[in-house]
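Chemist: The structure is given below, and queries will be raised subsequently.
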Amino acid sequence: MLNGLVTALRTLTVLPVPGREAERFSSSLYWFTVVGLLLGVVESGLAWLGKAAGWPELAALLPVIGGIILTRGLHADGLADLADGFFGGRTRESILRIMKDPNVGSFGAIALVLLFSLKWVALLKLVGIGGFGTIVAGVVLARMAQVVLAERLPYARPENGTATAFVNGAGLPHLVVSLISAAAIIAVLTGFDPLHSVVLMLAALVSTGLLGFISLRRIGGVTGDVLGAVSEITEVFVWTAGALLLA
């Protein structure tokens, strides 16, 4: 079982993790929210250090930079590819072809600028009001969102890709464990405030559902880029919802 944690850490982070990979990559899905908690604590800690230094703008920027470094920019790259494909392609085949191109186009660049701008604005507000638990929550729920789409939607490409093993191996137990563990973590992070917890969970599920619906309509399922994109979009949704609620 712990091999799944090793695979999850190696997949979602750049952290050097000893141990053997899981025999089935889908086993790592059980641990996605735990890895999200680890990443969220680091990002929230960076924000706290920035605030302690008396520089709120830097405090809002450090988690953004930290998230990119810790994940190799993998999820941000997925969002850029998704934006290029969804806005640049007209047919399912053309969208998938564009998304596979490693080069970032104009739509992808615009998406990244908007993403980082929105993150910085939301984090600036959260840092100002001491919403460090909400910062962690956003990262946790972003990883939950990946499991939800991996389990709910089919793999979109006819050929195998980087996310094939995760999507094809995902099942109801992975979804249930992810939802329950995320809800439990969020409850603790919000001090068992039911309104706060529900708002954050709803923000995550709404963003996940919207992107999942659009992805299903446009390409018939999900790819690794879609899973990366939903992580980034969910973080923004959750952080923004938390900032509005706590303001």
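Here, A, B, ... name the chains of the structure tokens in the order displayed, residue numbers run from 1 inside each chain, and ligands are numbered from 1 in the same displayed order.
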List the spatial neighbours of range 21-37 of chain A as a ChimeraX atom specification - criterion: any atom at most 10 Å away, only C-alpha atoms, same-chain residues fewer than 5 positions off excluded.

Modeler: /A:1-13,42-43,136-148,150-151,163-171,173-183,185-186

Chemist: What's around range 220-224 of chain A at 12 Å? Count only C-alpha atoms, leave out sequence neighbours fewer than 6 positions away in its own chain, and write the answer as an NGL selection string.

Modeler: :A and (11-12 or 74-79 or 81-82 or 85 or 91-93 or 95-97 or 99-100 or 146-168 or 208 or 211-214 or 230-231)

Chemist: Quick one: pick out all helix (DSSP H, G or I) residues within range 2-241 of chain A from a backbone DSSP run and write them as a ChimeraX atom specification.

Modeler: /A:2-12,25-52,56-71,74-88,92-100,106-128,132-152,164-169,172-189,194-219,224-241

Chemist: Could you work out how far CA of Val206 in chain A lies from CA of Ala83 in chain A, giving the answer in Å with one decimal?

Modeler: 18.9 Å

Chemist: I'd like the contact shell of range 188-204 of chain A - 6 Å cut-off, only C-alpha atoms, skipping same-chain residues fewer than 4 positions apart - returned as a PDB file with C-alpha atoms, in the first residue's frame.

Modeler:
```
ATOM      1  CA  GLY A 133      -5.588  26.761   6.348  1.00  0.00           C
ATOM      2  CA  THR A 234      -9.573  24.025  -8.635  1.00  0.00           C
ATOM      3  CA  PHE A 237     -11.693  28.344  -7.317  1.00  0.00           C
ATOM      4  CA  VAL A 238     -11.085  27.196  -3.749  1.00  0.00           C
TER       5      VAL A 238
END
```

Chemist: Using only C-alpha atoms, determine which residues lie at most 7 Å from Ile135 in chain A, disregarding the query and same-chain residues fewer than 5 positions distant; provide the list as a PyMOL selection string.

Modeler: chain A and resi 40+44+239

Chemist: Take the residues from that selection and put them in a file with C-alpha atoms, as an mmCIF file, in the first residue's frame.

Modeler:
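Dumped to out-v6.cif:
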```
data_model
loop_
_atom_site.group_PDB
_atom_site.id
_atom_site.type_symbol
_atom_site.label_atom_id
_atom_site.label_comp_id
_atom_site.auth_asym_id
_atom_site.auth_seq_id
_atom_site.Cartn_x
_atom_site.Cartn_y
_atom_site.Cartn_z
ATOM 1 C CA GLY A 40 -0.208 22.640 0.818
ATOM 2 C CA SER A 44 1.193 27.809 3.249
ATOM 3 C CA TRP A 239 -8.732 30.030 -2.824
#
```

Chemist: Just the number, please: distance in Å from CA of Gly19 in chain A to CA of Ile69 in chain A, one decimal.

Modeler: 22.3 Å

Chemist: Select, from A:Gly66, A:Pro56, A:Gly130, A:Gly209, the residue with the minimum atom-to-atom distance to Leu246 in chain A, counting only C-alpha atoms.

Modeler: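 Nearest candidate to Leu246 in chain A out of A:Gly66, A:Pro56, A:Gly130, A:Gly209: A:Gly130.
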